[in-house]
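Here the structure comes first, spelled out in structure tokens, and everything after it is commentary.
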Amino acid sequence: SSSSSSSSSSLSSSSPYAPPLVSVCLVHHNRGEITLKTIEALLKQDYGPFEIVMVDDGSTDEASLKVLTDIQRFFNQTRAVPFRLIRTRNRYPGAARNTAAENAKGKFVIFCDDDDIPKPHWISTMVKVAHHTHADVVTSMADFFEGDGTPLPTAKPKLRWLTLGAAPSLGMYHNVFGASMALVRKKSFFKIGGYTEEGGSTYEDWEFFANAVLQGFHLEAIPEALMWYRQHPTSEKLNLMHNTNKYTNRMRVMRTYQKFVPPQLRNAVLYGWGASPKR
């Protein structure tokens, strides 16, 4: 396709390069029609080839279940890109992302939530950076927005998530590694250990990045916002960030750091976090 040839020429200026298959790991839970906006944005990517592996994490909402049926029918009829829908019981994002990665056929897996809006050059930029830096994990910044629609290309973000990349010292206190919509070499993903699978809490992306960096895997952060990150009202039931226990969430990250210090210093890790400024 034309998108594939353009990606090939941009990825390598000195030698022929066949763009690798990328598996978009799309996790869904009771989002309804908002998910259609994410699908539309994925189909506008300037990269090829890619597939979509969609994991429905135990949706129960009737409107969401109908949307899933419509999405499956659309891809069956159009064959726009290779698409698979996997239905599981509700096990939270970490387990759902692992399931998607386990069923991925690509050299790279790239993670996307059901309410995010990837910008058209999201995949191509991530793959280009992974190719030239040989990174195991590639992250980027993200632009925040509100509402049920899709931001216009000229829209100004409510705020921008700034990242530093592989900065483990500061990363113990704040997720400076990057936004959750990361690209990972599939072989590296499983060597890192994937996401932990805990229900009732979040920060599994922060935990994954910290675990990767502390183990010595190469993480590159792109200083550009490649994704629109949808902010939901704090009262919304599906807003995991605000409807889960902050201490439990933080402990997922702290346990990762504790593994890499001598036992006699592990409480110091907790003290350091407790003494740090909180948002």
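Letters A, B, ... go to the chains of the structure tokens in the order shown; residues in each chain start at 1; ligands are counted from 1 in the same order.
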For range 14-83 of chain A against range 164-181 of chain A, with a cut-off of 10 Å and counting only C-alpha atoms, what is the closest atom pair and its distance in Å to one decimal for every residue that makes the cut, ordered by chain and number, as a Markdown table?
| residue | atom | partner | partner_atom | distance |
| --- | --- | --- | --- | --- |
| A:Val24 | CA | A:Met181 | CA | 9.8 |
| A:Cys25 | CA | A:Met181 | CA | 9.5 |
| A:Leu26 | CA | A:Met181 | CA | 9.9 |
For the residues in that selection, give me N, CA and C atoms as an mmCIF file, in the first residue's frame.
data_model
loop_
_atom_site.group_PDB
_atom_site.id
_atom_site.type_symbol
_atom_site.label_atom_id
_atom_site.label_comp_id
_atom_site.auth_asym_id
_atom_site.auth_seq_id
_atom_site.Cartn_x
_atom_site.Cartn_y
_atom_site.Cartn_z
ATOM 1 N N VAL A 24 -1.440 -3.575 17.353
ATOM 2 C CA VAL A 24 -2.074 -2.612 18.249
ATOM 3 C C VAL A 24 -2.895 -3.391 19.267
ATOM 4 N N CYS A 25 -2.529 -3.293 20.531
ATOM 5 C CA CYS A 25 -3.211 -4.006 21.612
ATOM 6 C C CYS A 25 -4.223 -3.058 22.242
ATOM 7 N N LEU A 26 -5.463 -3.214 21.847
ATOM 8 C CA LEU A 26 -6.538 -2.304 22.252
ATOM 9 C C LEU A 26 -7.379 -2.968 23.337
#
### Task
From the DSSP assignment of the backbone, select every residue of range 48-275 of chain A that is alpha helix (DSSP H), and format the answer as a ChimeraX atom specification.
/A:62-78,92-102,122-133,168-171,186-192,204-214,240-243,246-258,266-274
### Query
Nearest to Lys66 in chain A: which of A:Gly274, A:Pro82, A:Gly94, A:Gly32 is it, counting only C-alpha atoms?
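The answer is A:Gly32, which sits nearest to Lys66 in chain A.
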Sort by chain and increasing residue number a table of all residues of range 38-113 of chain A within 8 Å of range 120-131 of chain A, each with its closest pair of atoms and their distance in Å to one decimal, counting only C-alpha atoms, and write it as a tab-separated table.
residue	atom	partner	partner_atom	distance
A:Ala41	CA	A:Pro120	CA	7.1
A:Leu42	CA	A:Pro120	CA	7.6
A:Lys44	CA	A:Pro120	CA	5.8
A:Gln45	CA	A:Pro120	CA	4.4
A:Asp46	CA	A:His121	CA	5.8
A:Tyr47	CA	A:Ser124	CA	5.2
A:Ile110	CA	A:Ile123	CA	7.9
### 8 Å contact set for Ser64 in chain A, only C-alpha atoms, chain neighbours under 2 positions out, as number ranges by chain
A: 29-33, 59-62, 66-68
Restricting the output to all heavy atoms, write the selected residues as an mmCIF file, in the first residue's frame.
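File result_38.cif, as written:
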data_model
loop_
_atom_site.group_PDB
_atom_site.id
_atom_site.type_symbol
_atom_site.label_atom_id
_atom_site.label_comp_id
_atom_site.auth_asym_id
_atom_site.auth_seq_id
_atom_site.Cartn_x
_atom_site.Cartn_y
_atom_site.Cartn_z
ATOM 1 N N HIS A 29 -13.330 -1.797 28.017
ATOM 2 C CA HIS A 29 -14.261 -2.189 29.085
ATOM 3 C C HIS A 29 -15.360 -1.148 29.213
ATOM 4 O O HIS A 29 -15.117 -0.021 29.666
ATOM 5 C CB HIS A 29 -13.539 -2.335 30.428
ATOM 6 C CG HIS A 29 -14.470 -2.694 31.561
ATOM 7 N ND1 HIS A 29 -15.028 -3.944 31.693
ATOM 8 C CD2 HIS A 29 -14.951 -1.952 32.594
ATOM 9 C CE1 HIS A 29 -15.809 -3.965 32.760
ATOM 10 N NE2 HIS A 29 -15.787 -2.773 33.322
ATOM 11 N N ASN A 30 -16.547 -1.490 28.757
ATOM 12 C CA ASN A 30 -17.760 -0.677 28.944
ATOM 13 C C ASN A 30 -17.620 0.778 28.490
ATOM 14 O O ASN A 30 -18.143 1.685 29.153
ATOM 15 C CB ASN A 30 -18.177 -0.706 30.422
ATOM 16 C CG ASN A 30 -18.886 -2.002 30.806
ATOM 17 O OD1 ASN A 30 -19.337 -2.767 29.954
ATOM 18 N ND2 ASN A 30 -18.979 -2.255 32.105
ATOM 19 N N ARG A 31 -16.952 1.014 27.379
ATOM 20 C CA ARG A 31 -16.791 2.393 26.906
ATOM 21 C C ARG A 31 -17.859 2.802 25.898
ATOM 22 O O ARG A 31 -17.981 3.980 25.559
ATOM 23 C CB ARG A 31 -15.413 2.581 26.265
ATOM 24 C CG ARG A 31 -14.279 2.664 27.243
ATOM 25 C CD ARG A 31 -14.345 3.917 28.094
ATOM 26 N NE ARG A 31 -13.166 4.034 28.930
ATOM 27 C CZ ARG A 31 -13.074 4.766 30.018
ATOM 28 N NH1 ARG A 31 -14.113 5.468 30.419
ATOM 29 N NH2 ARG A 31 -11.956 4.816 30.716
ATOM 30 N N GLY A 32 -18.586 1.849 25.335
ATOM 31 C CA GLY A 32 -19.630 2.213 24.390
ATOM 32 C C GLY A 32 -19.082 2.864 23.136
ATOM 33 O O GLY A 32 -18.029 2.484 22.625
ATOM 34 N N GLU A 33 -19.790 3.886 22.656
ATOM 35 C CA GLU A 33 -19.464 4.469 21.360
ATOM 36 C C GLU A 33 -18.162 5.259 21.348
ATOM 37 O O GLU A 33 -17.635 5.554 20.279
ATOM 38 C CB GLU A 33 -20.626 5.346 20.883
ATOM 39 C CG GLU A 33 -21.885 4.547 20.578
ATOM 40 C CD GLU A 33 -22.929 5.361 19.841
ATOM 41 O OE1 GLU A 33 -22.675 6.568 19.608
ATOM 42 O OE2 GLU A 33 -23.984 4.803 19.511
ATOM 43 N N SER A 59 -16.851 -6.673 29.528
ATOM 44 C CA SER A 59 -17.893 -5.641 29.455
ATOM 45 C C SER A 59 -19.265 -6.232 29.781
ATOM 46 O O SER A 59 -19.570 -7.376 29.423
ATOM 47 C CB SER A 59 -17.923 -5.016 28.056
ATOM 48 O OG SER A 59 -16.788 -4.230 27.839
ATOM 49 N N THR A 60 -20.099 -5.431 30.459
ATOM 50 C CA THR A 60 -21.453 -5.855 30.815
ATOM 51 C C THR A 60 -22.516 -4.893 30.295
ATOM 52 O O THR A 60 -23.692 -5.245 30.240
ATOM 53 C CB THR A 60 -21.592 -5.952 32.346
ATOM 54 O OG1 THR A 60 -21.216 -4.692 32.934
ATOM 55 C CG2 THR A 60 -20.676 -7.045 32.902
ATOM 56 N N ASP A 61 -22.099 -3.697 29.921
ATOM 57 C CA ASP A 61 -23.028 -2.676 29.447
ATOM 58 C C ASP A 61 -23.588 -3.068 28.074
ATOM 59 O O ASP A 61 -22.830 -3.390 27.154
ATOM 60 C CB ASP A 61 -22.287 -1.341 29.358
ATOM 61 C CG ASP A 61 -23.126 -0.247 28.758
ATOM 62 O OD1 ASP A 61 -24.119 0.150 29.387
ATOM 63 O OD2 ASP A 61 -22.802 0.188 27.632
ATOM 64 N N GLU A 62 -24.907 -3.047 27.920
ATOM 65 C CA GLU A 62 -25.541 -3.492 26.675
ATOM 66 C C GLU A 62 -25.108 -2.659 25.476
ATOM 67 O O GLU A 62 -24.879 -3.187 24.387
ATOM 68 C CB GLU A 62 -27.069 -3.456 26.820
ATOM 69 C CG GLU A 62 -27.628 -4.560 27.702
ATOM 70 C CD GLU A 62 -29.141 -4.614 27.662
ATOM 71 O OE1 GLU A 62 -29.748 -3.968 26.773
ATOM 72 O OE2 GLU A 62 -29.731 -5.295 28.523
ATOM 73 N N LYS A 66 -23.102 -4.068 22.128
ATOM 74 C CA LYS A 66 -23.576 -3.838 20.765
ATOM 75 C C LYS A 66 -22.480 -3.211 19.912
ATOM 76 O O LYS A 66 -22.292 -3.583 18.739
ATOM 77 C CB LYS A 66 -24.804 -2.933 20.774
ATOM 78 C CG LYS A 66 -25.359 -2.669 19.371
ATOM 79 C CD LYS A 66 -26.555 -1.738 19.399
ATOM 80 C CE LYS A 66 -27.117 -1.539 17.992
ATOM 81 N NZ LYS A 66 -26.117 -0.994 17.051
ATOM 82 N N VAL A 67 -21.737 -2.259 20.493
ATOM 83 C CA VAL A 67 -20.637 -1.629 19.761
ATOM 84 C C VAL A 67 -19.588 -2.665 19.371
ATOM 85 O O VAL A 67 -19.069 -2.655 18.250
ATOM 86 C CB VAL A 67 -20.005 -0.498 20.605
ATOM 87 C CG1 VAL A 67 -18.675 -0.062 20.004
ATOM 88 C CG2 VAL A 67 -20.953 0.697 20.677
ATOM 89 N N LEU A 68 -19.291 -3.587 20.267
ATOM 90 C CA LEU A 68 -18.316 -4.641 19.957
ATOM 91 C C LEU A 68 -18.790 -5.487 18.778
ATOM 92 O O LEU A 68 -18.000 -5.832 17.889
ATOM 93 C CB LEU A 68 -18.096 -5.527 21.182
ATOM 94 C CG LEU A 68 -17.336 -4.911 22.356
ATOM 95 C CD1 LEU A 68 -17.337 -5.872 23.537
ATOM 96 C CD2 LEU A 68 -15.902 -4.565 21.963
#
### Message
Need to verify the contact set: Asp116 in chain A, 9 Å, only C-alpha atoms, exclusion of same-chain residues closer than 3 positions in sequence. Can you return it as a VMD selection string?
### Response
chain A and resid 34 to 35 37 to 38 112 to 113 181 227 to 230
### Query
Looking only at the backbone, which of the residues in range 21-226 of chain A does DSSP tag as strand (DSSP E or B), as a ChimeraX atom specification?
/A:22-28,50-57,83-88,108-113,117-118,137-146,159-161,183-185,219-226
For those residues, write C-alpha atoms to a file as a PDB file, in the first residue's frame.
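Done, and the output landed in part14.pdb:
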ATOM      1  CA  VAL A  22       2.906  -3.880  14.513  1.00  0.00           C
ATOM      2  CA  SER A  23       0.179  -5.270  16.751  1.00  0.00           C
ATOM      3  CA  VAL A  24      -2.074  -2.612  18.249  1.00  0.00           C
ATOM      4  CA  CYS A  25      -3.211  -4.006  21.612  1.00  0.00           C
ATOM      5  CA  LEU A  26      -6.538  -2.304  22.252  1.00  0.00           C
ATOM      6  CA  VAL A  27      -8.113  -2.902  25.668  1.00  0.00           C
ATOM      7  CA  HIS A  28     -11.822  -2.221  26.170  1.00  0.00           C
ATOM      8  CA  PHE A  50      -0.469  -3.243  11.467  1.00  0.00           C
ATOM      9  CA  GLU A  51      -3.125  -5.401  13.045  1.00  0.00           C
ATOM     10  CA  ILE A  52      -5.580  -4.711  15.864  1.00  0.00           C
ATOM     11  CA  VAL A  53      -5.886  -7.194  18.712  1.00  0.00           C
ATOM     12  CA  MET A  54      -8.841  -6.017  20.789  1.00  0.00           C
ATOM     13  CA  VAL A  55      -9.465  -7.515  24.222  1.00  0.00           C
ATOM     14  CA  ASP A  56     -12.831  -6.887  25.812  1.00  0.00           C
ATOM     15  CA  ASP A  57     -12.188  -7.003  29.548  1.00  0.00           C
ATOM     16  CA  PHE A  83      -8.561  -7.667  13.420  1.00  0.00           C
ATOM     17  CA  ARG A  84      -9.225 -10.048  16.276  1.00  0.00           C
ATOM     18  CA  LEU A  85     -11.650  -9.631  19.162  1.00  0.00           C
ATOM     19  CA  ILE A  86     -10.944 -11.610  22.326  1.00  0.00           C
ATOM     20  CA  ARG A  87     -13.492 -11.643  25.149  1.00  0.00           C
ATOM     21  CA  THR A  88     -12.433 -12.348  28.731  1.00  0.00           C
ATOM     22  CA  PHE A 108       6.208  -4.893  18.036  1.00  0.00           C
ATOM     23  CA  VAL A 109       3.202  -4.489  20.308  1.00  0.00           C
ATOM     24  CA  ILE A 110       1.799  -1.016  20.902  1.00  0.00           C
ATOM     25  CA  PHE A 111      -0.779  -0.365  23.600  1.00  0.00           C
ATOM     26  CA  CYS A 112      -3.920   1.721  23.295  1.00  0.00           C
ATOM     27  CA  ASP A 113      -6.876   2.187  25.616  1.00  0.00           C
ATOM     28  CA  ILE A 117      -7.152   9.078  20.272  1.00  0.00           C
ATOM     29  CA  PRO A 118      -3.836   8.306  18.550  1.00  0.00           C
ATOM     30  CA  VAL A 137      10.420   0.276  24.903  1.00  0.00           C
ATOM     31  CA  VAL A 138       9.382   3.554  23.262  1.00  0.00           C
ATOM     32  CA  THR A 139       7.092   6.056  24.973  1.00  0.00           C
ATOM     33  CA  SER A 140       5.913   9.569  24.192  1.00  0.00           C
ATOM     34  CA  MET A 141       4.165  12.547  25.695  1.00  0.00           C
ATOM     35  CA  ALA A 142       0.369  12.879  25.562  1.00  0.00           C
ATOM     36  CA  ASP A 143      -2.080  15.755  25.166  1.00  0.00           C
ATOM     37  CA  PHE A 144      -5.052  15.820  27.547  1.00  0.00           C
ATOM     38  CA  PHE A 145      -8.592  16.690  26.448  1.00  0.00           C
ATOM     39  CA  GLU A 146     -12.153  16.334  27.704  1.00  0.00           C
ATOM     40  CA  LEU A 159      -2.489  20.167  29.385  1.00  0.00           C
ATOM     41  CA  ARG A 160       0.451  18.108  28.141  1.00  0.00           C
ATOM     42  CA  TRP A 161       1.971  15.113  29.890  1.00  0.00           C
ATOM     43  CA  LEU A 183       5.520   0.508  21.803  1.00  0.00           C
ATOM     44  CA  VAL A 184       7.484  -2.552  22.970  1.00  0.00           C
ATOM     45  CA  ARG A 185       9.470  -5.184  21.110  1.00  0.00           C
ATOM     46  CA  LEU A 219      13.588   2.827  27.126  1.00  0.00           C
ATOM     47  CA  GLU A 220      13.391   5.837  24.794  1.00  0.00           C
ATOM     48  CA  ALA A 221      10.931   8.679  25.336  1.00  0.00           C
ATOM     49  CA  ILE A 222       9.897  10.778  22.333  1.00  0.00           C
ATOM     50  CA  PRO A 223       9.636  14.502  23.187  1.00  0.00           C
ATOM     51  CA  GLU A 224       6.382  14.864  21.269  1.00  0.00           C
ATOM     52  CA  ALA A 225       2.728  14.268  22.155  1.00  0.00           C
ATOM     53  CA  LEU A 226       1.612  11.468  19.830  1.00  0.00           C
TER      54      LEU A 226
END
### Query
Quick one, how far is CA of Glu207 in chain A from CA of Val253 in chain A?
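These atoms are spaced 4.7 Å apart.
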### Query
Any idea what's packed within 10 Å of Gly194 in chain A, counting only C-alpha atoms, ignoring anything in its chain fewer than 3 positions away? Could you give it as a list in words?
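Once the nearby chain positions are removed, what remains is Gly94, Ala95, Arg97, Asn98, Thr99, Ala101, Glu102, Lys186, Ser188, Phe189, Phe190, Lys191, Glu197, Glu204, Asp205, Phe208, Phe209, Asn211 and Ala212 of chain A.
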